[in-house]
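Just input_24.csv here, CSV, C-alpha atoms and all ligand atoms:
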```
chain,number,residue,atom,x,y,z
A,1,MET,CA,-11.4,8.6,-23.0
A,2,ARG,CA,-9.4,5.4,-23.4
A,3,HIS,CA,-11.1,2.1,-23.4
A,4,SER,CA,-9.8,-1.4,-23.2
A,5,ALA,CA,-11.3,-4.8,-22.9
A,6,LEU,CA,-10.7,-5.4,-19.3
A,7,MET,CA,-11.8,-2.5,-17.4
A,8,ILE,CA,-12.6,-1.5,-13.9
A,9,LEU,CA,-16.0,0.1,-14.4
A,10,THR,CA,-17.1,3.1,-12.7
A,11,ALA,CA,-20.6,4.4,-12.0
A,12,CYS,CA,-20.6,7.7,-13.9
A,13,SER,CA,-23.5,9.2,-12.2
A,14,THR,CA,-21.5,9.1,-8.9
A,15,VAL,CA,-18.1,9.6,-10.2
A,16,GLY,CA,-18.9,12.6,-12.4
A,17,ASN,CA,-20.4,14.7,-9.7
A,18,GLU,CA,-19.2,13.6,-6.3
A,19,SER,CA,-15.9,13.9,-4.7
A,20,GLY,CA,-17.3,12.9,-1.3
A,21,PRO,CA,-17.6,14.7,2.0
A,22,ALA,CA,-14.9,17.1,2.9
A,23,LYS,CA,-12.6,16.0,5.7
A,24,GLY,CA,-14.1,16.9,9.1
A,25,SER,CA,-17.2,18.1,7.4
A,26,GLY,CA,-19.4,16.2,9.8
A,27,GLN,CA,-21.6,15.0,6.9
A,28,SER,CA,-23.5,11.9,7.9
A,29,ALA,CA,-22.1,8.6,6.5
A,30,VAL,CA,-23.6,7.2,3.4
A,31,ALA,CA,-23.1,3.8,1.9
A,32,GLU,CA,-22.2,5.3,-1.4
A,33,MET,CA,-18.6,5.4,-2.4
A,34,ILE,CA,-16.5,8.5,-1.8
A,35,TYR,CA,-14.2,9.7,-4.5
A,36,ARG,CA,-11.0,11.7,-4.4
A,37,GLU,CA,-9.1,13.3,-7.3
A,38,ILE,CA,-5.6,12.7,-8.6
A,39,PRO,CA,-4.3,16.3,-8.5
A,40,HIS,CA,-2.5,16.1,-11.8
A,41,SER,CA,-5.6,15.3,-13.8
A,42,GLY,CA,-8.7,15.6,-11.6
A,43,GLN,CA,-9.4,11.9,-12.3
A,44,LYS,CA,-11.7,10.6,-9.5
A,45,VAL,CA,-10.7,7.6,-7.6
A,46,SER,CA,-12.7,5.6,-5.1
A,47,ALA,CA,-11.5,6.2,-1.5
A,48,ILE,CA,-11.5,2.4,-0.9
A,49,SER,CA,-10.0,0.3,-3.6
A,50,LEU,CA,-9.1,-3.4,-4.2
A,51,GLY,CA,-5.7,-5.0,-4.0
A,52,VAL,CA,-5.6,-8.5,-5.5
A,53,GLY,CA,-2.4,-9.7,-4.0
A,54,SER,CA,-4.1,-12.2,-1.7
A,55,LEU,CA,-7.0,-13.2,-3.9
A,56,HIS,CA,-5.3,-16.4,-4.9
A,57,GLU,CA,-6.5,-17.8,-1.5
A,58,SER,CA,-10.0,-17.8,-2.9
A,59,SER,CA,-11.5,-20.0,-5.5
A,60,ASP,CA,-11.9,-18.6,-9.0
A,61,ALA,CA,-15.7,-18.4,-8.6
A,62,GLU,CA,-15.2,-16.5,-5.3
A,63,VAL,CA,-12.7,-14.1,-7.0
A,64,GLU,CA,-15.2,-13.3,-9.7
A,65,ARG,CA,-17.8,-12.6,-7.0
A,66,ILE,CA,-15.4,-10.4,-5.0
A,67,VAL,CA,-14.4,-8.3,-8.1
A,68,ASP,CA,-18.1,-8.0,-9.2
A,69,TYR,CA,-19.0,-6.9,-5.6
A,70,ALA,CA,-16.2,-4.4,-5.5
A,71,LEU,CA,-17.1,-2.8,-8.8
A,72,GLY,CA,-20.8,-2.8,-7.8
A,73,SER,CA,-19.8,-0.9,-4.7
A,74,GLY,CA,-18.2,1.9,-6.7
A,75,ILE,CA,-14.6,0.8,-6.5
A,76,ASN,CA,-12.8,2.0,-9.6
A,77,LEU,CA,-9.2,1.4,-8.6
A,78,VAL,CA,-7.7,-2.1,-8.6
A,79,ASP,CA,-4.0,-2.7,-7.8
A,80,MET,CA,-3.1,-5.7,-9.9
A,81,ILE,CA,0.1,-6.7,-8.2
A,82,MET,CA,0.0,-10.4,-7.2
A,83,PRO,CA,2.4,-13.0,-6.2
A,84,THR,CA,1.1,-15.6,-8.7
A,85,ALA,CA,-0.7,-15.1,-12.0
A,86,GLY,CA,-3.3,-17.6,-10.8
A,87,PRO,CA,-6.4,-15.5,-10.3
A,88,ALA,CA,-5.7,-13.0,-13.1
A,89,GLU,CA,-8.1,-14.6,-15.6
A,90,ALA,CA,-10.9,-14.9,-12.9
A,91,ILE,CA,-10.3,-11.2,-12.1
A,92,GLY,CA,-10.9,-10.5,-15.7
A,93,ARG,CA,-14.1,-12.5,-15.8
A,94,GLY,CA,-15.3,-10.7,-12.7
A,95,HIS,CA,-15.8,-7.6,-14.9
A,96,GLU,CA,-16.1,-8.7,-18.4
A,97,GLU,CA,-19.5,-7.3,-18.8
A,98,PRO,CA,-20.5,-3.8,-17.6
A,99,PRO,CA,-22.9,-4.2,-14.7
A,100,GLN,CA,-26.5,-3.5,-15.5
A,101,GLY,CA,-27.4,0.1,-15.4
A,102,ARG,CA,-23.9,1.4,-15.7
A,103,ASP,CA,-22.7,3.8,-18.3
A,104,CYS,CA,-20.0,2.2,-20.5
A,105,THR,CA,-18.6,5.6,-21.3
A,106,ALA,CA,-17.5,6.0,-17.7
A,107,PRO,CA,-13.8,6.4,-16.9
A,108,TYR,CA,-12.1,3.1,-16.8
A,109,TRP,CA,-9.4,2.4,-14.4
A,110,VAL,CA,-6.9,-0.3,-14.8
A,111,PRO,CA,-3.6,0.1,-12.9
A,112,ILE,CA,-1.5,-2.6,-14.4
A,113,ILE,CA,1.8,-3.1,-12.9
A,114,ILE,CA,5.3,-2.7,-14.2
A,115,TRP,CA,6.8,-5.2,-11.9
A,116,LEU,CA,10.1,-4.4,-10.5
A,117,VAL,CA,11.9,-6.4,-7.9
A,118,SER,CA,15.1,-4.8,-7.7
A,119,ARG,CA,18.7,-5.8,-7.2
A,120,ILE,CA,18.6,-6.0,-10.8
A,121,GLY,CA,20.6,-6.6,-13.9
A,122,ARG,CA,19.4,-5.7,-17.3
A,123,GLY,CA,18.0,-9.2,-17.9
A,124,ILE,CA,15.6,-8.9,-15.1
A,125,CYS,CA,14.6,-5.5,-16.1
A,126,ARG,CA,13.7,-6.8,-19.5
A,127,ARG,CA,11.7,-9.6,-17.9
A,128,ARG,CA,9.8,-7.0,-15.9
A,129,LYS,CA,9.0,-5.1,-19.0
A,130,LYS,CA,7.8,-8.2,-20.6
A,131,GLY,CA,5.7,-8.9,-17.5
A,132,PHE,CA,3.9,-5.6,-17.9
A,133,GLU,CA,3.3,-6.3,-21.6
A,134,GLU,CA,2.1,-9.8,-20.7
A,135,GLN,CA,-0.4,-8.3,-18.2
A,136,LEU,CA,-1.8,-6.0,-20.9
A,137,ARG,CA,-2.2,-9.0,-23.2
A,138,LEU,CA,-3.8,-11.1,-20.4
A,139,PHE,CA,-6.4,-8.5,-19.8
A,140,GLY,CA,-7.0,-7.9,-23.5
A,141,SER,CA,-5.9,-4.3,-23.0
A,142,GLY,CA,-3.6,-2.1,-25.0
A,143,ASP,CA,-3.1,0.3,-22.2
A,144,SER,CA,-3.4,0.9,-18.4
A,145,ASP,CA,-4.1,3.9,-16.3
A,146,ILE,CA,-1.2,3.7,-13.9
A,147,GLY,CA,2.1,2.1,-14.8
A,148,MET,CA,3.5,1.4,-11.4
A,149,ILE,CA,7.2,0.6,-10.6
A,150,HIS,CA,6.5,-1.6,-7.7
A,151,TYR,CA,8.5,-2.2,-4.7
A,152,VAL,CA,11.7,-0.1,-4.6
A,153,ASP,CA,12.8,0.0,-1.0
A,154,GLN,CA,16.5,0.5,-1.0
A,155,ASN,CA,19.0,2.9,-2.5
A,156,ASP,CA,20.7,0.3,-4.6
A,157,ASP,CA,17.3,-0.8,-5.9
A,158,TYR,CA,16.6,2.8,-6.8
A,159,ASP,CA,19.9,3.3,-8.5
A,160,ALA,CA,19.6,0.1,-10.4
A,161,MET,CA,16.1,1.1,-11.6
A,162,LEU,CA,17.5,4.4,-12.9
A,163,ASN,CA,20.6,2.7,-14.5
A,164,ASN,CA,18.7,0.0,-16.2
A,165,GLY,CA,16.2,2.4,-17.8
A,166,LEU,CA,13.0,1.3,-16.1
A,167,LEU,CA,11.9,4.8,-15.2
A,168,ASP,CA,12.7,5.9,-18.8
A,169,TYR,CA,10.6,3.0,-20.0
A,170,ALA,CA,7.7,4.3,-17.8
A,171,VAL,CA,8.1,7.8,-19.2
A,172,LYS,CA,8.0,6.4,-22.8
A,173,LEU,CA,4.9,4.5,-22.0
A,174,LYS,CA,3.3,7.6,-20.7
A,175,GLU,CA,4.4,9.6,-23.8
A,176,ALA,CA,2.9,6.9,-26.0
A,177,GLY,CA,-0.4,6.9,-24.1
A,178,THR,CA,0.1,3.3,-23.0
A,179,ILE,CA,-0.2,4.6,-19.4
A,180,ARG,CA,-1.7,7.8,-18.2
A,181,TYR,CA,0.2,8.1,-14.9
A,182,ILE,CA,3.6,7.1,-13.6
A,183,GLY,CA,3.6,5.6,-10.1
A,184,PHE,CA,5.8,3.6,-7.8
A,185,SER,CA,5.4,1.7,-4.6
A,186,SER,CA,7.8,1.7,-1.6
A,187,HIS,CA,7.9,1.2,2.1
A,188,SER,CA,10.7,3.7,2.4
A,189,VAL,CA,10.4,7.4,3.2
A,190,GLU,CA,13.9,8.1,1.7
A,191,ILE,CA,13.2,6.2,-1.6
A,192,SER,CA,9.8,7.9,-1.9
A,193,GLN,CA,11.4,11.3,-1.5
A,194,ARG,CA,13.9,10.4,-4.2
A,195,PHE,CA,11.1,9.4,-6.6
A,196,LEU,CA,9.2,12.6,-5.8
A,197,ALA,CA,12.3,14.7,-6.5
A,198,THR,CA,12.2,13.5,-10.2
A,199,GLY,CA,9.1,15.5,-10.7
A,200,LEU,CA,7.7,12.6,-12.8
A,201,ILE,CA,5.4,11.0,-10.3
A,202,ASP,CA,1.7,11.2,-10.4
A,203,VAL,CA,0.7,8.5,-7.9
A,204,PHE,CA,2.5,6.4,-5.4
A,205,MET,CA,1.6,3.5,-3.1
A,206,PHE,CA,3.0,3.8,0.4
A,207,SER,CA,2.6,1.8,3.6
A,208,LEU,CA,0.8,4.3,5.8
A,209,ASN,CA,-1.1,3.6,9.1
A,210,PRO,CA,-0.8,4.7,12.7
A,211,ALA,CA,1.5,1.8,13.7
A,212,TYR,CA,4.0,2.8,11.1
A,213,ASP,CA,3.6,6.6,11.5
A,214,PHE,CA,3.8,7.2,15.2
A,215,GLU,CA,6.8,7.3,17.4
A,216,ASN,CA,7.2,7.9,21.1
A,217,THR,CA,8.8,11.2,22.0
A,218,SER,CA,9.3,13.1,25.2
A,219,GLU,CA,6.1,14.9,24.4
A,220,GLY,CA,4.2,11.6,23.9
A,221,LEU,CA,3.2,9.9,20.7
A,222,ARG,CA,3.8,11.9,17.6
A,223,VAL,CA,3.9,11.2,13.9
A,224,ALA,CA,7.5,10.7,12.9
A,225,ALA,CA,8.8,13.9,11.3
A,226,ASP,CA,10.2,12.3,8.2
A,227,ARG,CA,6.9,10.6,7.4
A,228,ALA,CA,4.9,13.7,8.0
A,229,ALA,CA,7.4,15.6,5.7
A,230,LEU,CA,6.9,12.9,3.0
A,231,TYR,CA,3.1,13.3,3.1
A,232,ALA,CA,3.5,17.1,2.9
A,233,GLU,CA,5.9,16.9,0.0
A,234,ALA,CA,3.4,14.6,-1.9
A,235,GLU,CA,0.6,17.1,-1.3
A,236,LYS,CA,2.8,20.0,-2.4
A,237,ARG,CA,3.8,18.2,-5.6
A,238,GLY,CA,0.3,16.9,-6.3
A,239,ALA,CA,1.4,13.3,-6.1
A,240,ALA,CA,-1.5,11.2,-4.9
A,241,ILE,CA,-0.9,8.5,-2.3
A,242,THR,CA,-2.7,5.2,-2.5
A,243,VAL,CA,-2.2,3.4,0.8
A,244,MET,CA,-1.0,-0.2,1.3
A,245,LYS,CA,-1.1,-1.8,4.8
A,246,CYS,CA,-3.8,0.6,6.0
A,247,TYR,CA,-4.6,-2.0,8.8
A,248,GLY,CA,-0.9,-2.6,9.5
A,249,GLY,CA,-1.2,-6.1,7.8
A,250,GLY,CA,-4.1,-6.9,10.3
A,251,GLN,CA,-2.0,-5.9,13.3
A,252,LEU,CA,-4.1,-2.8,14.1
A,253,LEU,CA,-7.4,-4.8,14.0
A,254,SER,CA,-6.2,-7.1,16.8
A,255,ALA,CA,-6.2,-6.0,20.5
A,256,THR,CA,-3.3,-8.3,21.2
A,257,ASP,CA,-1.1,-7.3,18.2
A,258,SER,CA,-1.9,-3.6,18.0
A,259,PRO,CA,0.8,-1.4,19.4
A,260,PHE,CA,-1.9,0.8,20.8
A,261,GLY,CA,-3.2,-1.9,23.1
A,262,GLN,CA,-6.7,-2.1,21.6
A,263,ALA,CA,-8.1,-3.1,18.3
A,264,MET,CA,-9.0,-0.4,15.8
A,265,SER,CA,-11.9,-1.0,13.4
A,266,THR,CA,-11.4,-1.0,9.6
A,267,ALA,CA,-13.3,2.3,9.5
A,268,GLN,CA,-11.0,3.9,12.0
A,269,CYS,CA,-8.0,2.8,10.1
A,270,VAL,CA,-9.4,4.1,6.8
A,271,GLN,CA,-10.3,7.4,8.3
A,272,TYR,CA,-6.8,7.9,9.7
A,273,CYS,CA,-5.4,7.4,6.2
A,274,LEU,CA,-7.9,9.6,4.5
A,275,ASP,CA,-7.2,12.4,7.0
A,276,TRP,CA,-3.8,12.9,5.2
A,277,PRO,CA,-4.6,15.3,2.4
A,278,ALA,CA,-2.4,13.6,-0.2
A,279,VAL,CA,-4.2,10.3,0.3
A,280,ILE,CA,-6.7,9.4,-2.4
A,281,SER,CA,-7.4,5.8,-1.6
A,282,CYS,CA,-6.9,2.9,0.8
A,283,VAL,CA,-6.1,-0.3,-1.1
A,284,ALA,CA,-7.8,-3.2,0.7
A,285,GLY,CA,-5.7,-6.3,0.0
A,286,VAL,CA,-8.5,-8.8,0.7
A,287,LYS,CA,-8.4,-12.6,0.8
A,288,ASN,CA,-12.1,-13.3,0.7
A,289,MET,CA,-15.6,-11.7,0.4
A,290,LYS,CA,-15.8,-11.2,4.2
A,291,GLU,CA,-12.7,-9.0,4.1
A,292,MET,CA,-14.0,-7.1,1.1
A,293,GLN,CA,-17.2,-6.3,2.9
A,294,SER,CA,-15.4,-5.4,6.0
A,295,SER,CA,-13.2,-2.9,4.1
A,296,LEU,CA,-16.3,-1.2,2.8
A,297,GLU,CA,-17.8,-0.8,6.2
A,298,TYR,CA,-16.2,2.6,6.4
A,299,LEU,CA,-18.9,3.9,4.0
A,300,ALA,CA,-21.8,2.8,6.1
A,301,VAL,CA,-20.7,3.8,9.6
A,302,SER,CA,-21.2,7.2,11.3
A,303,PRO,CA,-18.5,9.8,11.7
A,304,THR,CA,-18.4,8.9,15.3
A,305,ASP,CA,-17.6,5.3,14.5
A,306,ARG,CA,-14.8,6.4,12.2
A,307,GLU,CA,-13.1,8.5,14.9
A,308,TYR,CA,-9.8,7.0,16.0
A,309,ARG,CA,-8.0,9.6,18.1
A,310,ALA,CA,-9.0,8.1,21.5
A,311,VAL,CA,-7.4,4.8,20.5
A,312,LEU,CA,-4.1,6.5,19.6
A,313,SER,CA,-4.0,8.7,22.7
A,314,SER,CA,-4.3,5.7,24.9
A,315,GLY,CA,-1.5,3.8,23.3
A,316,ALA,CA,1.8,5.1,24.8
A,317,ALA,CA,2.1,2.6,27.5
A,318,ALA,CA,1.0,-0.3,25.3
A,319,MET,CA,3.8,0.5,22.8
A,320,GLU,CA,6.4,-0.5,25.3
A,321,GLY,CA,8.3,-3.5,23.9
A,322,VAL,CA,6.5,-3.4,20.6
A,323,CYS,CA,8.4,-2.6,17.4
A,324,ILE,CA,6.7,0.1,15.3
A,325,TYR,CA,9.5,0.0,12.6
A,326,CYS,CA,10.7,3.6,13.2
A,327,ASN,CA,14.4,2.6,12.9
A,328,HIS,CA,15.6,4.9,15.7
A,329,CYS,CA,17.7,2.0,16.8
A,330,LEU,CA,20.0,2.2,13.6
A,331,PRO,CA,22.7,2.1,12.6
A,332,CYS,CA,23.3,-1.6,13.0
A,333,PRO,CA,27.0,-2.4,12.6
A,334,VAL,CA,26.2,-5.3,10.3
A,335,GLY,CA,23.7,-3.3,8.2
A,336,ILE,CA,20.4,-4.8,9.3
A,337,ASN,CA,17.4,-2.6,8.6
A,338,ILE,CA,15.8,-3.5,11.9
A,339,GLY,CA,12.5,-1.8,11.2
A,340,ASP,CA,12.0,-3.6,7.9
A,341,VAL,CA,13.0,-6.9,9.3
A,342,ASN,CA,10.5,-6.6,12.1
A,343,LYS,CA,7.8,-5.3,9.7
A,344,TYR,CA,8.1,-8.1,7.2
A,345,TYR,CA,8.1,-10.6,10.0
A,346,ASP,CA,4.9,-9.2,11.5
A,347,LEU,CA,3.3,-9.1,8.0
A,348,ALA,CA,4.3,-12.6,7.2
A,349,LYS,CA,2.8,-13.9,10.5
A,350,ASN,CA,-0.4,-12.1,9.7
A,351,GLY,CA,-0.7,-13.9,6.3
A,352,ASP,CA,0.7,-11.3,3.9
A,353,ALA,CA,1.6,-13.3,0.8
A,354,LEU,CA,4.3,-10.9,-0.4
A,355,ALA,CA,6.0,-10.3,3.0
A,356,ARG,CA,8.5,-13.2,2.6
A,357,ASP,CA,9.6,-12.0,-0.8
A,358,HIS,CA,10.1,-8.5,0.6
A,359,TYR,CA,12.1,-10.0,3.5
A,360,SER,CA,14.2,-12.1,1.2
A,361,SER,CA,15.2,-9.1,-0.9
A,362,LEU,CA,16.7,-7.3,2.1
A,363,SER,CA,20.4,-7.0,2.0
A,364,ARG,CA,20.7,-8.3,5.6
A,365,TRP,CA,18.5,-10.6,7.5
A,366,ALA,CA,17.8,-11.3,11.1
A,367,SER,CA,20.2,-14.3,10.9
A,368,ASP,CA,23.0,-11.7,10.3
A,369,CYS,CA,22.6,-10.3,13.8
A,370,ASN,CA,25.7,-10.8,15.9
A,371,GLU,CA,23.9,-9.9,19.2
A,372,CYS,CA,26.1,-6.9,19.8
A,373,GLY,CA,23.2,-5.1,21.5
A,374,GLU,CA,24.1,-1.7,20.2
A,375,CYS,CA,20.6,-1.1,18.9
A,376,GLU,CA,18.7,-1.7,22.1
A,377,PRO,CA,19.5,1.4,24.1
A,378,ARG,CA,18.4,3.5,21.1
A,379,CYS,CA,15.0,2.0,20.9
A,380,PRO,CA,12.4,4.3,22.5
A,381,PHE,CA,10.0,1.4,23.0
A,382,HIS,CA,12.6,-0.8,24.7
A,383,VAL,CA,12.2,-3.6,22.2
A,384,LYS,CA,14.4,-6.6,22.9
A,385,VAL,CA,15.9,-6.5,19.5
A,386,ARG,CA,18.3,-9.4,19.9
A,387,ASP,CA,15.5,-11.7,21.1
A,388,ARG,CA,13.4,-10.6,18.2
A,389,MET,CA,16.2,-11.3,15.7
A,390,LYS,CA,16.5,-14.9,16.9
A,391,GLU,CA,12.7,-15.3,16.7
A,392,ILE,CA,12.5,-13.8,13.2
A,393,ALA,CA,15.5,-15.8,11.9
A,394,ALA,CA,13.8,-19.0,13.1
A,395,TYR,CA,10.5,-18.1,11.5
A,396,MET,CA,11.8,-16.8,8.2
A,397,GLY,CA,14.6,-19.4,7.9
A,398,LYS,CA,17.3,-16.8,7.6
B,401,LIG,S1,13.4,-1.9,17.5
B,401,LIG,FE1,12.7,0.0,18.4
B,401,LIG,S2,13.8,1.7,17.4
B,401,LIG,FE2,14.1,-0.2,16.2
B,401,LIG,S3,12.6,-0.1,14.6
B,401,LIG,FE3,11.7,-1.2,16.3
B,401,LIG,S4,10.6,0.3,17.5
B,401,LIG,FE4,12.0,1.4,16.2
B,402,LIG,S1,22.1,-6.6,18.2
B,402,LIG,FE1,21.9,-7.3,16.1
B,402,LIG,S2,20.4,-6.0,15.2
B,402,LIG,FE2,21.1,-5.0,17.0
B,402,LIG,S3,22.8,-3.6,16.3
B,402,LIG,FE3,23.7,-5.6,16.9
B,402,LIG,S4,23.8,-6.8,15.1
B,402,LIG,FE4,22.4,-5.1,14.7
```
Go ahead and render the structure in this file as structure tokens.
Ligand code: SF4
Ligand code: SF4
Amino acid sequence: MRHSALMILTACSTVGNESGPAKGSGQSAVAEMIYREIPHSGQKVSAISLGVGSLHESSDAEVERIVDYALGSGINLVDMIMPTAGPAEAIGRGHEEPPQGRDCTAPYWVPIIIWLVSRIGRGICRRRKKGFEEQLRLFGSGDSDIGMIHYVDQNDDYDAMLNNGLLDYAVKLKEAGTIRYIGFSSHSVEISQRFLATGLIDVFMFSLNPAYDFENTSEGLRVAADRAALYAEAEKRGAAITVMKCYGGGQLLSATDSPFGQAMSTAQCVQYCLDWPAVISCVAGVKNMKEMQSSLEYLAVSPTDREYRAVLSSGAAAMEGVCIYCNHCLPCPVGINIGDVNKYYDLAKNGDALARDHYSSLSRWASDCNECGECEPRCPFHVKVRDRMKEIAAYMGK
């Protein structure tokens, strides 16, 4: 068992013996945390976890309370990626001391991030490595559980990551015991498949929810085949998925914004994600205590209240004119990734702090649209892409 000074503490009595109700088991809901295992090791991970990317919107005192509340609720996975270093020290203070009654020999879980924002030269790669080492220092830790190569969404990003040695760096960290698992995050099915094909991946974070997964076919709404294949490949390889954007950046929680024409509850969104066998945890990127508590509601509600299928089956008509980022409209002659442009725009409007950065890193923006209109007849949802591109360019400034 590795220990380090800043730890995400786990209640051993629960973690050691409980992997949670089986899917579809019909067990009554309990307010205790459910745990799932990383297949490569059997390490148990809370089915709901904490993402700190938006915590800088709270005061330091509130951040400490949120972290303490999350740990007290049994969360043992914290994704430390954040747009500013601001709340890092407060996050550390939120769990400096083991909560009373908890066993300090419990597994600790600190996924510290190897930052990678691609389109990289060797210099930036070195800075990202230093960023990882700086995070270890900040948290008073000599090691981390997951070393995650964050945010690789395009093929040239992936190629640069290979060429500049970042994946090799992660392998060396694992061999040295500085990290236990190699992970990555991506919004791209293609890139995720490339990572999985290396055979090196233990864990990956992927944007997974009904709005991103479903497409309209002649047989009605279906999960897109490439996404279903990715989740199956992950399961086959024992690569665990941690989910980002499980509420679609808030879109699915709003009747007006949801492509399914009605709001889903947080519990319904979480259940959808957990119904994929490879998924081990939904990472709740909360801004405040209210959102933290809302994300944990899943644990307290009944199986009936987690059920989401009726919402999805009612959604076909409501999806008309709404972009679900499926990219059936490609190719765009100027190279715009229409799905990603729409997705980052929707996320930015819903307050996602990282969405503008993600948008900026795209190789083509909405402002590059020449209004040729080639994409529109290919969109099964009849999205007015040219109008959207103008709207997005005005909002994003490019
Ligand atoms: S515009 Fe239509 S086809 Fe293109 S990504 Fe959006 S929903 Fe899919
Ligand atoms: S209308 Fe714009 S987004 Fe659509 S294919 Fe043409 S250039 Fe690309």
* **Selected residue, from A:Pro333, A:Gly147, A:Pro380, A:Gly261, that lies nearest to ligand LIG 401 (chain B) when counting all atoms listed in the file** =>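 Going through A:Pro333, A:Gly147, A:Pro380, A:Gly261 one by one, the smallest distance to ligand LIG 401 (chain B) is for A:Pro380.
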* To do: Go ahead and compute the interatomic distance for atom S2 of ligand LIG 402 (chain B) and CA of Glu376 in chain A, in Å to one decimal.
  =>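 Separation between atom S2 of ligand LIG 402 (chain B) and CA of Glu376 in chain A: 8.3 Å.
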Considering all atoms listed in the file, tabulate each residue of chain A that lies at most 7 Å from ligand LIG 401 (chain B) along with its nearest interatomic pair and the corresponding distance in Å to one decimal; arrange the rows by chain and ascending residue number and present them as a Markdown table.
```
| residue | atom | partner | partner_atom | distance |
| --- | --- | --- | --- | --- |
| A:Val322 | CA | B:LIG401 | S4 | 6.3 |
| A:Cys323 | CA | B:LIG401 | S4 | 3.6 |
| A:Ile324 | CA | B:LIG401 | S4 | 4.5 |
| A:Tyr325 | CA | B:LIG401 | S3 | 3.7 |
| A:Cys326 | CA | B:LIG401 | FE4 | 3.9 |
| A:Asn327 | CA | B:LIG401 | S3 | 3.7 |
| A:His328 | CA | B:LIG401 | S2 | 4.0 |
| A:Cys329 | CA | B:LIG401 | S2 | 4.0 |
| A:Leu330 | CA | B:LIG401 | FE2 | 6.9 |
| A:Ile338 | CA | B:LIG401 | S3 | 5.4 |
| A:Gly339 | CA | B:LIG401 | S3 | 3.8 |
| A:Asn342 | CA | B:LIG401 | FE3 | 6.9 |
| A:Arg378 | CA | B:LIG401 | S2 | 6.2 |
| A:Cys379 | CA | B:LIG401 | S2 | 3.7 |
| A:Pro380 | CA | B:LIG401 | S2 | 5.9 |
| A:Phe381 | CA | B:LIG401 | FE1 | 5.5 |
| A:His382 | CA | B:LIG401 | FE1 | 6.4 |
| A:Val383 | CA | B:LIG401 | S1 | 5.1 |
| A:Val385 | CA | B:LIG401 | S1 | 5.6 |
```
* **Pick from A:His150, A:Lys384, A:Arg227, A:Lys174, whichever lies nearest to ligand LIG 402 (chain B) using all atoms listed in the file** => A:Lys384
Within 10 Å of ligand LIG 402 (chain B), which residues of chain A come that close, and what is the closest atom pair and distance in Å for each? Count all atoms listed in the file and give it as CSV.
```
residue,atom,partner,partner_atom,distance
A:Cys329,CA,B:LIG402,S3,7.6
A:Leu330,CA,B:LIG402,S3,7.0
A:Pro331,CA,B:LIG402,S3,6.8
A:Cys332,CA,B:LIG402,S3,3.9
A:Pro333,CA,B:LIG402,S3,5.7
A:Val334,CA,B:LIG402,S4,5.6
A:Gly335,CA,B:LIG402,FE4,6.9
A:Ile336,CA,B:LIG402,FE4,5.8
A:Asn337,CA,B:LIG402,S2,8.0
A:Ile338,CA,B:LIG402,S2,6.2
A:Gly339,CA,B:LIG402,S2,9.8
A:Val341,CA,B:LIG402,S2,9.5
A:Arg364,CA,B:LIG402,FE4,9.8
A:Trp365,CA,B:LIG402,S2,9.2
A:Ala366,CA,B:LIG402,S2,7.2
A:Ser367,CA,B:LIG402,FE1,8.9
A:Asp368,CA,B:LIG402,S4,6.9
A:Cys369,CA,B:LIG402,FE1,3.8
A:Asn370,CA,B:LIG402,S4,4.5
A:Glu371,CA,B:LIG402,S1,3.9
A:Cys372,CA,B:LIG402,FE3,4.0
A:Gly373,CA,B:LIG402,S1,3.8
A:Glu374,CA,B:LIG402,S3,4.5
A:Cys375,CA,B:LIG402,S3,4.2
A:Glu376,CA,B:LIG402,FE2,6.5
A:Pro377,CA,B:LIG402,FE2,9.7
A:Arg378,CA,B:LIG402,S3,9.6
A:Lys384,CA,B:LIG402,S1,9.0
A:Val385,CA,B:LIG402,FE2,6.0
A:Arg386,CA,B:LIG402,S1,5.0
A:Asp387,CA,B:LIG402,S1,8.8
A:Arg388,CA,B:LIG402,S2,8.9
A:Met389,CA,B:LIG402,S2,6.8
A:Lys390,CA,B:LIG402,FE1,9.4
```
* If you measure from CA of Ser363 in chain A to CA of Asp156 in chain A, what distance in Å do you get, rounded to one decimal? ->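 That distance, rounded to one decimal, is 9.8 Å.
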* **Coordinates-based distance that separates CA of Val189 in chain A from CA of Val286 in chain A (Å, one decimal)** =>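 Computing it gives 25.0 Å between the two atoms.
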* Non-local contacts of Gln193 in chain A (12 Å; all atoms listed in the file; under 5 positions in same chain excluded) as an MDAnalysis selection string -> chainID A and resid 152:155 158 184:188 198:201 204 206 226:234 237 239
* **Among the residues A:Ala267, A:Thr178, A:Gly249, A:Arg65, the one that comes closest to Glu297 in chain A [using all atoms listed in the file]** =>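 Closest candidate: A:Ala267.
Closest approach to Ala278 in chain A among A:Ala224, A:Met205, A:Ala70, A:Leu354: A:Met205, based on only C-alpha atoms.
Residues in contact with Asp168 in chain A at 12 Å, where all atoms listed in the file are counted and same-chain residues fewer than 4 positions away are skipped, are listed as A:Cys125, A:Lys129, A:Gly147, A:Ile149, A:Met161, A:Leu162, A:Asn163, A:Asn164, A:Lys172, A:Leu173, A:Lys174, A:Glu175, A:Ile182, A:Thr198, A:Leu200.
Those residues that approach Met264 in chain A to within 7 Å, counting only C-alpha atoms, are A:Leu252, A:Leu253, A:Cys269; same-chain residues fewer than 5 positions away are not listed.
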* Asked: For Tyr298 in chain A, which residue among A:Ala355, A:Ile81, A:Leu362, A:Cys282 is the nearest when counting only C-alpha atoms?
  ->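 Between A:Ala355, A:Ile81, A:Leu362, A:Cys282, the residue approaching Tyr298 in chain A most closely is A:Cys282.
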* To do: Go through A:Ser294, A:Thr242, A:Thr217, A:Thr256 one by one, measure the shortest atom-to-atom distance of each to Gly183 in chain A using only C-alpha atoms, and give the residue with the smallest value.
  =>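 The shortest atom-to-atom distance to Gly183 in chain A comes from A:Thr242.
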